[in-house]
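K.L.:
Just one file: data-v3.tsv, with TSV, C-alpha atoms.
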```tsv
chain	number	residue	atom	x	y	z
A	1	MET	CA	141.91	127.34	123.26
A	2	PHE	CA	139.87	125.23	125.66
A	3	SER	CA	137.92	123.24	123.09
A	4	TRP	CA	141.03	122.38	121.08
A	5	VAL	CA	142.82	120.99	124.08
A	6	THR	CA	139.77	119.03	125.16
A	7	ASN	CA	139.66	117.48	121.73
A	8	ALA	CA	143.36	116.76	122.07
A	9	ALA	CA	142.67	114.73	125.17
A	10	GLN	CA	139.88	112.85	123.47
A	11	SER	CA	141.85	112.17	120.30
A	12	ALA	CA	144.91	111.04	122.25
A	13	LEU	CA	143.28	107.62	122.03
A	14	SER	CA	145.17	107.24	118.75
A	15	ALA	CA	148.48	107.39	120.59
A	16	VAL	CA	147.34	104.67	122.99
A	17	ALA	CA	146.11	102.55	120.09
A	18	GLY	CA	149.47	102.76	118.38
A	19	THR	CA	148.46	105.31	115.73
A	20	ALA	CA	150.65	108.18	116.89
A	21	GLU	CA	152.20	110.04	113.97
A	22	PRO	CA	155.65	109.17	112.61
A	23	ILE	CA	158.39	111.78	112.27
A	24	TYR	CA	157.60	113.60	109.02
A	25	GLY	CA	159.93	116.52	109.69
A	26	PRO	CA	159.62	120.25	108.96
A	27	SER	CA	159.08	119.65	105.23
A	28	HIS	CA	155.50	118.61	106.07
A	29	LEU	CA	154.74	121.89	107.88
A	30	HIS	CA	153.62	124.62	105.46
A	31	HIS	CA	153.79	127.86	107.44
A	32	VAL	CA	151.11	130.53	106.92
A	33	SER	CA	153.96	133.02	106.40
A	34	LYS	CA	154.48	131.57	102.91
A	35	GLN	CA	151.26	133.27	101.78
A	36	GLU	CA	151.67	136.46	103.82
A	37	ALA	CA	152.57	138.56	100.76
A	38	GLU	CA	149.25	137.66	99.10
A	39	ASN	CA	147.39	139.82	101.62
A	40	PRO	CA	149.76	142.66	102.58
A	41	LYS	CA	147.03	144.62	104.38
A	42	TYR	CA	145.95	141.56	106.42
A	43	GLU	CA	142.37	142.17	105.35
A	44	VAL	CA	139.43	139.93	106.24
A	45	LEU	CA	136.71	139.45	103.61
A	46	PRO	CA	133.06	138.70	104.42
A	47	GLU	CA	133.40	135.13	103.15
A	48	ASP	CA	136.26	134.56	105.60
A	49	LEU	CA	133.72	134.72	108.42
A	50	SER	CA	131.88	131.63	107.20
A	51	TRP	CA	132.19	128.41	109.18
A	52	VAL	CA	134.28	125.87	107.27
A	53	ALA	CA	132.59	122.82	108.86
A	54	LEU	CA	134.99	120.23	107.49
A	55	ASP	CA	133.67	116.73	106.85
A	56	SER	CA	136.74	115.28	108.59
A	57	THR	CA	138.29	115.51	112.05
A	58	CYS	CA	138.27	119.13	113.17
A	59	ALA	CA	137.51	121.54	115.97
A	60	GLU	CA	136.19	124.92	114.86
A	61	THR	CA	135.51	127.71	117.31
A	62	GLN	CA	134.22	131.24	117.64
A	63	THR	CA	135.60	132.63	120.90
A	64	PHE	CA	134.75	135.99	122.47
A	65	TYR	CA	136.63	137.45	125.43
A	66	ILE	CA	134.77	140.31	127.15
A	67	ASP	CA	136.51	142.55	129.67
A	68	THR	CA	133.46	144.06	131.34
A	69	LYS	CA	133.32	147.47	132.96
A	70	ALA	CA	131.46	145.78	135.82
A	71	GLY	CA	134.54	143.72	136.67
A	72	PRO	CA	134.10	140.11	135.50
A	73	LEU	CA	135.96	138.72	132.49
A	74	ILE	CA	133.63	136.65	130.30
A	75	MET	CA	134.51	134.00	127.73
A	76	LEU	CA	131.85	132.84	125.26
A	77	GLN	CA	132.89	130.01	122.95
A	78	VAL	CA	130.86	128.30	120.24
A	79	ILE	CA	132.33	124.96	119.17
A	80	TYR	CA	131.69	122.76	116.16
A	81	SER	CA	133.64	119.51	116.32
A	82	ASN	CA	133.94	116.44	114.15
A	83	VAL	CA	135.75	113.29	115.24
A	84	ALA	CA	136.44	111.15	112.16
A	85	ASN	CA	132.87	111.72	110.92
A	86	ILE	CA	131.77	109.37	113.69
A	87	HIS	CA	130.75	112.00	116.21
A	88	VAL	CA	129.77	115.53	115.12
A	89	SER	CA	128.61	117.96	117.79
A	90	ALA	CA	128.10	121.61	118.68
A	91	GLN	CA	128.52	123.17	122.10
A	92	LEU	CA	128.52	126.49	123.95
A	93	ASN	CA	131.10	127.12	126.66
A	94	VAL	CA	130.61	130.05	129.02
A	95	LYS	CA	133.20	131.02	131.59
A	96	VAL	CA	132.96	133.96	134.00
A	97	PHE	CA	136.00	135.08	135.99
A	98	TYR	CA	134.86	137.22	138.93
A	99	PRO	CA	137.21	139.81	140.47
A	100	ASP	CA	137.13	137.95	143.81
A	101	GLY	CA	138.56	134.81	142.16
A	102	LYS	CA	135.31	132.90	141.84
A	103	ILE	CA	134.72	131.18	138.49
A	104	HIS	CA	131.44	130.16	136.89
A	105	TRP	CA	131.62	127.51	134.18
A	106	SER	CA	128.93	126.20	131.85
A	107	ALA	CA	129.30	123.78	128.92
A	108	LYS	CA	126.17	122.67	127.10
A	109	THR	CA	125.81	120.64	123.92
A	110	MET	CA	123.25	121.65	121.31
A	111	ASP	CA	120.39	119.82	119.65
A	112	ASN	CA	119.12	120.36	116.10
A	113	TYR	CA	121.91	122.76	115.18
A	114	ALA	CA	122.25	124.17	111.66
A	115	PHE	CA	124.07	126.87	109.71
A	116	ASP	CA	122.43	129.54	107.59
A	117	GLU	CA	122.92	129.50	103.82
A	118	LYS	CA	126.24	131.38	103.91
A	119	LYS	CA	127.42	129.55	107.06
A	120	ARG	CA	127.93	132.88	108.81
A	121	SER	CA	125.22	132.40	111.41
A	122	PHE	CA	124.37	129.34	113.44
A	123	GLY	CA	121.34	128.17	115.38
A	124	ALA	CA	120.06	125.32	117.53
A	125	ASP	CA	117.33	124.63	120.05
A	126	ASN	CA	117.54	127.46	122.62
A	127	PHE	CA	120.59	129.00	120.95
A	128	LYS	CA	121.62	131.29	118.10
A	129	ILE	CA	124.62	133.32	117.04
A	130	GLU	CA	123.92	135.77	114.22
A	131	LEU	CA	126.36	137.79	112.16
A	132	ALA	CA	124.79	141.13	111.19
A	133	PRO	CA	124.27	141.88	107.48
A	134	ASP	CA	127.14	144.40	107.58
A	135	ASN	CA	129.46	141.65	108.92
A	136	ASN	CA	130.54	143.89	111.80
A	137	SER	CA	128.71	142.44	114.81
A	138	TYR	CA	127.56	139.17	116.34
A	139	ARG	CA	124.58	138.65	118.61
A	140	ILE	CA	124.60	135.58	120.85
A	141	ILE	CA	121.41	134.43	122.56
A	142	SER	CA	121.37	131.27	124.64
A	143	ASN	CA	118.96	129.52	126.99
A	144	LEU	CA	120.86	126.23	126.79
A	145	ASP	CA	121.65	126.44	130.50
A	146	THR	CA	118.90	127.89	132.69
A	147	GLU	CA	121.58	129.02	135.14
A	148	THR	CA	123.60	130.76	132.40
A	149	LEU	CA	121.43	132.94	130.18
A	150	VAL	CA	123.19	134.90	127.44
A	151	ASP	CA	122.08	137.88	125.35
A	152	VAL	CA	125.21	139.67	124.19
A	153	THR	CA	126.20	141.65	121.09
A	154	ILE	CA	129.85	142.12	120.09
A	155	THR	CA	130.66	144.85	117.56
A	156	ARG	CA	134.01	145.19	115.79
A	157	GLU	CA	135.70	148.58	116.35
A	158	ILE	CA	138.96	148.31	114.39
A	159	PRO	CA	139.92	146.38	111.22
A	160	ALA	CA	139.88	142.60	111.41
A	161	PHE	CA	143.09	140.64	110.86
A	162	LYS	CA	144.03	137.66	108.70
A	163	VAL	CA	147.36	136.41	107.34
A	164	GLY	CA	147.49	135.49	103.65
A	165	LYS	CA	144.65	134.43	101.42
A	166	ASP	CA	143.13	131.88	103.80
A	167	ALA	CA	145.10	132.21	107.09
A	168	ARG	CA	146.01	128.52	107.07
A	169	THR	CA	149.11	126.71	108.17
A	170	ASN	CA	148.90	123.35	106.39
A	171	PHE	CA	150.23	119.93	107.34
A	172	GLY	CA	151.14	117.14	104.93
A	173	GLU	CA	153.41	116.15	102.08
A	174	ASN	CA	151.63	118.38	99.58
A	175	ALA	CA	150.71	121.92	100.64
A	176	ALA	CA	148.04	122.06	97.94
A	177	ASN	CA	146.40	118.91	99.25
A	178	PRO	CA	147.09	118.90	103.01
A	179	TRP	CA	145.85	116.34	105.49
A	180	GLY	CA	145.47	118.97	108.21
A	181	CYS	CA	145.46	122.69	108.90
A	182	ILE	CA	145.28	125.41	111.53
A	183	ARG	CA	143.60	128.75	110.80
A	184	HIS	CA	143.00	131.97	112.76
A	185	LEU	CA	141.11	135.21	112.12
A	186	PHE	CA	140.89	138.04	114.65
A	187	TRP	CA	138.80	140.99	115.68
A	188	PRO	CA	141.46	142.48	117.96
A	189	LYS	CA	139.17	145.11	119.47
A	190	GLY	CA	135.42	145.36	119.78
A	191	LYS	CA	132.76	146.46	122.21
A	192	ALA	CA	130.26	144.25	124.00
A	193	GLU	CA	126.73	145.07	125.07
A	194	GLY	CA	123.99	143.04	126.70
A	195	THR	CA	123.67	140.81	129.72
A	196	LEU	CA	124.72	137.47	131.13
A	197	THR	CA	122.46	136.06	133.85
A	198	VAL	CA	124.22	133.59	136.14
A	199	LYS	CA	122.02	131.79	138.67
A	200	GLY	CA	119.54	134.65	138.55
A	201	GLU	CA	122.14	137.40	138.91
A	202	LYS	CA	122.51	139.75	135.95
A	203	ILE	CA	125.96	140.80	134.79
A	204	ASP	CA	126.21	143.87	132.59
A	205	ALA	CA	128.37	142.68	129.68
A	206	ALA	CA	129.27	146.19	128.51
A	207	GLY	CA	133.00	146.47	127.92
A	208	GLY	CA	135.84	145.71	125.55
A	209	ALA	CA	135.88	142.52	123.49
A	210	VAL	CA	138.19	140.35	121.41
A	211	PHE	CA	136.94	137.77	118.88
A	212	ILE	CA	138.91	134.84	117.47
A	213	LEU	CA	137.66	132.54	114.74
A	214	ALA	CA	139.73	129.37	114.70
A	215	LEU	CA	139.89	126.08	112.84
A	216	GLN	CA	141.99	123.08	113.71
A	217	GLY	CA	141.52	120.63	110.87
A	218	MET	CA	143.31	117.64	112.37
A	219	LYS	CA	143.81	115.88	115.69
A	220	PRO	CA	144.91	118.65	118.04
A	221	HIS	CA	147.69	116.72	119.76
A	222	HIS	CA	149.16	115.94	116.33
A	223	ALA	CA	149.18	119.63	115.40
A	224	ALA	CA	150.57	121.30	118.52
A	225	SER	CA	152.33	120.45	121.75
A	226	LYS	CA	151.93	123.91	123.27
A	227	TRP	CA	150.27	127.28	122.67
A	228	ASN	CA	150.74	130.90	123.73
A	229	PHE	CA	148.18	133.67	123.36
A	230	ALA	CA	148.10	137.30	124.49
A	231	THR	CA	145.84	140.28	123.91
A	232	PHE	CA	146.59	143.80	125.12
A	233	GLU	CA	144.79	147.15	125.04
A	234	SER	CA	145.90	150.60	126.20
A	235	GLU	CA	144.80	154.15	125.44
A	236	HIS	CA	146.38	154.26	121.97
A	237	PHE	CA	147.46	150.69	121.22
A	238	VAL	CA	145.99	147.24	120.70
A	239	ALA	CA	148.21	144.19	120.30
A	240	PHE	CA	147.65	140.45	120.03
A	241	MET	CA	149.70	137.34	119.37
A	242	MET	CA	148.90	133.65	118.83
A	243	GLU	CA	151.67	131.07	118.71
A	244	PHE	CA	151.86	127.29	118.62
A	245	THR	CA	154.70	124.78	118.54
A	246	THR	CA	154.27	121.53	116.65
A	247	PRO	CA	155.28	118.14	118.05
A	248	PRO	CA	158.56	116.60	116.80
A	249	SER	CA	156.56	114.85	114.06
A	250	TYR	CA	156.62	118.21	112.23
A	251	GLY	CA	160.04	119.34	113.42
A	252	SER	CA	158.89	121.18	116.57
A	253	GLY	CA	158.13	124.10	114.28
A	254	ILE	CA	156.88	127.41	115.66
A	255	VAL	CA	154.04	129.31	113.98
A	256	ASN	CA	153.43	132.85	115.24
A	257	VAL	CA	150.93	135.44	114.00
A	258	GLY	CA	150.16	138.82	115.49
A	259	GLY	CA	149.53	142.49	114.99
A	260	VAL	CA	149.79	145.89	116.65
A	261	TYR	CA	147.27	148.70	116.10
A	262	LYS	CA	147.75	152.40	116.85
A	263	ASP	CA	144.76	154.71	117.20
A	264	GLY	CA	142.48	152.18	115.53
A	265	LYS	CA	144.67	151.49	112.48
A	266	LEU	CA	146.89	148.49	111.82
A	267	LEU	CA	150.47	149.56	112.49
A	268	VAL	CA	152.18	146.24	111.81
A	269	GLY	CA	151.20	142.67	111.06
A	270	THR	CA	153.75	139.91	111.29
A	271	THR	CA	154.49	136.21	111.29
A	272	LYS	CA	157.98	136.83	112.66
A	273	GLY	CA	157.04	137.54	116.26
A	274	THR	CA	158.33	135.71	119.31
A	275	PHE	CA	156.68	134.72	122.57
A	276	GLU	CA	159.00	133.91	125.46
A	277	HIS	CA	158.43	132.60	128.97
A	278	THR	CA	161.27	134.65	130.46
A	279	GLU	CA	160.73	133.29	133.96
A	280	THR	CA	159.07	130.06	135.06
A	281	ARG	CA	158.48	127.95	138.14
A	282	LEU	CA	157.84	124.25	138.38
A	283	ASP	CA	154.21	123.48	139.11
A	284	ALA	CA	154.74	120.39	141.25
A	285	GLU	CA	151.16	119.25	140.78
A	286	THR	CA	151.21	119.30	136.97
A	287	GLU	CA	154.98	119.00	136.40
A	288	TRP	CA	154.80	121.83	133.85
A	289	GLN	CA	157.01	124.92	133.96
A	290	GLU	CA	154.38	127.58	134.66
A	291	PRO	CA	155.32	130.98	133.22
A	292	THR	CA	155.81	133.73	135.80
A	293	ALA	CA	157.01	136.37	133.32
A	294	ILE	CA	156.54	136.74	129.56
A	295	LYS	CA	157.87	138.79	126.69
A	296	ALA	CA	156.13	139.06	123.32
A	297	THR	CA	157.86	140.82	120.43
A	298	TRP	CA	156.45	142.00	117.09
A	299	VAL	CA	158.78	143.00	114.24
A	300	GLY	CA	157.81	144.19	110.77
A	301	SER	CA	157.37	147.10	108.39
A	302	SER	CA	154.91	149.89	109.04
A	303	GLN	CA	151.64	149.57	107.17
A	304	GLU	CA	151.80	153.29	106.46
A	305	ASP	CA	154.79	153.21	104.11
A	306	ASN	CA	155.84	149.53	104.07
A	307	LYS	CA	159.41	150.68	104.82
A	308	THR	CA	159.74	152.02	108.36
A	309	GLU	CA	160.71	149.30	110.80
A	310	VAL	CA	158.34	148.71	113.70
A	311	VAL	CA	159.44	146.85	116.82
A	312	ALA	CA	156.99	146.33	119.67
A	313	SER	CA	157.50	144.42	122.88
A	314	LEU	CA	155.16	143.46	125.69
A	315	GLU	CA	156.72	142.41	128.97
A	316	SER	CA	154.96	141.46	132.16
A	317	LYS	CA	155.45	139.61	135.40
A	318	LEU	CA	152.53	137.19	135.66
A	319	GLU	CA	151.19	137.89	139.14
A	320	ASN	CA	147.46	137.31	138.74
A	321	ARG	CA	146.69	133.79	137.57
A	322	ILE	CA	142.92	133.59	137.27
A	323	ASP	CA	142.74	129.88	136.49
A	324	ARG	CA	144.65	126.71	135.85
A	325	VAL	CA	142.48	124.43	133.75
A	326	ASP	CA	142.96	120.70	134.14
A	327	VAL	CA	141.57	119.65	130.79
A	328	MET	CA	141.43	116.00	131.81
A	329	ALA	CA	138.96	116.94	134.54
A	330	GLU	CA	136.58	118.20	131.86
A	331	VAL	CA	136.39	115.06	129.70
A	332	PRO	CA	134.24	111.96	130.25
A	333	ALA	CA	135.55	109.33	132.67
A	334	ILE	CA	136.04	106.68	129.99
A	335	ILE	CA	138.17	109.04	127.91
A	336	LYS	CA	140.12	110.01	131.02
A	337	ARG	CA	140.98	106.38	131.73
A	338	ILE	CA	142.10	105.79	128.14
A	339	VAL	CA	144.12	108.97	127.82
A	340	SER	CA	145.87	108.44	131.13
A	341	GLY	CA	147.88	105.80	129.29
A	342	ALA	CA	149.03	108.18	126.56
A	343	VAL	CA	152.61	108.91	127.50
A	344	GLY	CA	153.31	112.63	127.86
A	345	THR	CA	149.73	113.82	127.26
A	346	LYS	CA	148.57	115.94	130.22
A	347	PRO	CA	146.93	119.13	128.96
A	348	TYR	CA	146.72	122.19	131.20
A	349	ILE	CA	145.89	125.82	130.48
A	350	TYR	CA	147.26	128.68	132.60
A	351	GLN	CA	145.26	131.92	132.32
A	352	PHE	CA	146.29	135.37	133.54
A	353	ARG	CA	144.57	138.76	133.64
A	354	GLN	CA	146.46	141.85	134.74
A	355	LYS	CA	148.32	144.99	133.68
A	356	GLY	CA	151.13	144.96	131.16
A	357	THR	CA	153.36	147.48	129.39
A	358	LEU	CA	153.72	147.73	125.61
A	359	LYS	CA	156.76	149.49	124.17
A	360	VAL	CA	156.63	150.48	120.50
A	361	LYS	CA	159.41	151.87	118.31
A	362	ILE	CA	158.38	153.28	114.91
A	363	GLY	CA	161.54	154.37	113.17
A	364	ASP	CA	162.96	156.97	115.58
A	365	GLN	CA	159.72	157.41	117.54
A	366	GLU	CA	159.24	155.54	120.80
A	367	PHE	CA	156.10	154.95	122.84
A	368	SER	CA	155.38	153.14	126.09
A	369	GLU	CA	151.91	152.52	127.49
A	370	GLU	CA	150.45	150.48	130.31
A	371	GLY	CA	147.26	148.61	129.57
A	372	LYS	CA	145.10	145.55	130.16
A	373	LEU	CA	146.62	142.15	129.42
A	374	PHE	CA	145.02	138.73	129.09
A	375	THR	CA	147.30	135.81	128.32
A	376	GLU	CA	147.17	132.02	128.17
A	377	ALA	CA	149.86	129.36	128.20
A	378	THR	CA	148.69	125.91	127.11
A	379	PHE	CA	150.67	122.70	127.48
A	380	ILE	CA	149.41	119.55	125.75
A	381	ASN	CA	152.26	117.07	125.77
A	382	ASN	CA	155.96	116.99	126.57
A	383	PHE	CA	157.19	115.14	123.49
```
Can the structure from this file be put into C-alpha cells for me?
P.N.:
Amino acid sequence: MFSWVTNAAQSALSAVAGTAEPIYGPSHLHHVSKQEAENPKYEVLPEDLSWVALDSTCAETQTFYIDTKAGPLIMLQVIYSNVANIHVSAQLNVKVFYPDGKIHWSAKTMDNYAFDEKKRSFGADNFKIELAPDNNSYRIISNLDTETLVDVTITREIPAFKVGKDARTNFGENAANPWGCIRHLFWPKGKAEGTLTVKGEKIDAAGGAVFILALQGMKPHHAASKWNFATFESEHFVAFMMEFTTPPSYGSGIVNVGGVYKDGKLLVGTTKGTFEHTETRLDAETEWQEPTAIKATWVGSSQEDNKTEVVASLESKLENRIDRVDVMAEVPAIIKRIVSGAVGTKPYIYQFRQKGTLKVKIGDQEFSEEGKLFTEATFINNF
C-alpha cells in the first residue's frame, strides 16, 4: 500500500490547483464483482502476471511480505509509477521490522529499467526481478542500496487468486472505456528463501510469504479514501482480504475481495466480505481513529460443490502495532508544502503483526484456529 499512498500525496496537487473531482456518484464505479462469475475458480493465468505499464497516470506494484523464521518481517516492493506521462519512474522499497521494534527502511530509484518481452520480469542497473519459466517463483536481486542487499526467491505454494477476467474495478461513465481502474492479484501463501544483508548483517529470509500484484490506474486520492488489508495463516487455513472505500465522488463505495484456503485448496472466494474496525481510539497526533480491534468476514459458496455456505471470521485485538507511517514524511519537501494545503489529505498507514483467530463454518462443520496475522489500515483523506 505504501507506494499508492505516497502517490496520493504527490497527486493531491490537483486538489490544491482546483482540479479535484466532481461528484459522479456510484454509477461511475464499476465493481469487480460484476465480472466475478466469469472466473468462478478465481484462477490466475500466466499472462495475468505481466506488468500492465499504462501510458497514463498509474502506480503499479509487486509487493512481497516475508514472515521469516529468524524473526524479522520483511517487505519488498517493486514500484512502476507514471504521473501524467510527465514523470515515469521505477523504485525498490525494502522495509525490515525487527522483533525488538527497530525498523530498517530503504527506498531507491532505478536507472535504465526495462521489462522483458512478456513484461513478466523487470531489470535495471543493479537490480532484477525474474519470474521463473513455470510462473511459480520470483527471484529478486538488488544492489541498489549498498546497505540493503537483496537476494531472495519467493515460490508460490497454493493456487493464486484473481476475481473475474481481469480483476479490475473500473471508474468512469463507461465501464468498457474507463478513465481509471484498480486491480489486484494474490499469491496468498508462498515460501521465501535467500538473504537480506542490512548494514553488513545477514538476515536469513527463509519463511512464509505473501505476494500481491496491484495496479492503480488513476490518481490514488481520487480512487480511495481508505484501505484495509489482512493476511492470516494457521496450521490448516490461509485467509486474506483487501478492501478500499472510494471518496464521495464515487458514492463512498466499498470494494472488497478476499479468499479462504483450507489445506492448500481454495475453500471460498468472495467479493461480499466485510472489514470492520470494531474498536478504535483517537490518535491525537494524526486525528485518525486508529483501529484497536478488527473483524473480517468472508461469506460465499464452497468451491467444492458451489452450494454449501461458507462463513469465516477473523477477529483480533490489535495489540502489537509495528509501525505508523507518516506518508508525508516520505515525500519531497516541495510536495509536502503543496499538499499541506489540500484540505483533508493526511495519509497515514497503521501496521500490525500478531496472533489472530480464524473461525470457519462449512455447512454444519465448524473450525477455529489461531495463527499469524498481518494487517494494515490506511487513511488518505477524510472527505
K.L.:
If you count all atoms listed in the file, which residues fall within 8 Å of segment 298-304 of chain A, apart from same-chain ones fewer than 2 positions away, as number ranges by chain?
P.N.:
A: 41, 258-260, 266-270, 272-274, 296, 306-313, 362
K.L.:
Which of these, A:Pro188, A:Pro133, A:Gly180, A:Gly208, has the shortest distance to Lys265 of chain A once you count only C-alpha atoms?
P.N.:
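Answer, going by the shortest atom-to-atom distance: A:Pro188.
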K.L.:
I'd like the contact shell of His277 of chain A - 7 Å cut-off, only C-alpha atoms, skipping same-chain residues fewer than 4 positions apart - returned as a PyMOL selection string.
P.N.:
chain A and resi 291+293-295
K.L.:
As number ranges by chain, please: the residues near Arg321 of chain A (cut-off 12 Å, only C-alpha atoms, same-chain neighbours under 4 positions excluded).
P.N.:
A: 97, 99, 101, 290-293, 317, 325, 349-355, 373-377
K.L.:
Compile the contact shell of Gln216 of chain A as a ChimeraX atom specification: residues with an atom at most 12 Å away, counting all atoms listed in the file, same-chain residues fewer than 4 positions apart removed.
P.N.:
/A:1,3-5,7-8,52-54,56-62,79-83,167-171,179-184,220-224,244
K.L.:
For a cut-off of 10 Å around (155.1, 115.5, 115.2), file coordinates, pick out all residues using only C-alpha atoms and list them as a list in words.
P.N.:
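Checked against the point, the hits come out as Ala20, Glu21, Pro22, Ile23, Tyr24, Gly25, Pro26, His28, Leu29, His221, His222, Ala223, Ala224, Ser225, Thr245, Thr246, Pro247, Pro248, Ser249, Tyr250, Gly251, Ser252, Gly253 and Phe383 of chain A.
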K.L.:
With C-alpha atoms kept, could you save the residues just selected as an mmCIF file, in the frame of the given file?
P.N.:
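So part.cif came out as:
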```cif
data_model
loop_
_atom_site.group_PDB
_atom_site.id
_atom_site.type_symbol
_atom_site.label_atom_id
_atom_site.label_comp_id
_atom_site.auth_asym_id
_atom_site.auth_seq_id
_atom_site.Cartn_x
_atom_site.Cartn_y
_atom_site.Cartn_z
ATOM 1 C CA ALA A 20 150.650 108.180 116.890
ATOM 2 C CA GLU A 21 152.200 110.040 113.970
ATOM 3 C CA PRO A 22 155.650 109.170 112.610
ATOM 4 C CA ILE A 23 158.390 111.780 112.270
ATOM 5 C CA TYR A 24 157.600 113.600 109.020
ATOM 6 C CA GLY A 25 159.930 116.520 109.690
ATOM 7 C CA PRO A 26 159.620 120.250 108.960
ATOM 8 C CA HIS A 28 155.500 118.610 106.070
ATOM 9 C CA LEU A 29 154.740 121.890 107.880
ATOM 10 C CA HIS A 221 147.690 116.720 119.760
ATOM 11 C CA HIS A 222 149.160 115.940 116.330
ATOM 12 C CA ALA A 223 149.180 119.630 115.400
ATOM 13 C CA ALA A 224 150.570 121.300 118.520
ATOM 14 C CA SER A 225 152.330 120.450 121.750
ATOM 15 C CA THR A 245 154.700 124.780 118.540
ATOM 16 C CA THR A 246 154.270 121.530 116.650
ATOM 17 C CA PRO A 247 155.280 118.140 118.050
ATOM 18 C CA PRO A 248 158.560 116.600 116.800
ATOM 19 C CA SER A 249 156.560 114.850 114.060
ATOM 20 C CA TYR A 250 156.620 118.210 112.230
ATOM 21 C CA GLY A 251 160.040 119.340 113.420
ATOM 22 C CA SER A 252 158.890 121.180 116.570
ATOM 23 C CA GLY A 253 158.130 124.100 114.280
ATOM 24 C CA PHE A 383 157.190 115.140 123.490
#
```
K.L.:
Name the residues in contact with Ile140 of chain A at a cut-off of 9 Å, using all atoms listed in the file, excluding same-chain residues fewer than 3 positions from it; report them as a PyMOL selection string.
P.N.:
chain A and resi 76+127-130+150-154
K.L.:
By how many Å are atom CA of Thr271 of chain A and atom CA of Lys346 of chain A apart?
P.N.:
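Atom CA of Thr271 of chain A sits 28.4 Å away from atom CA of Lys346 of chain A.
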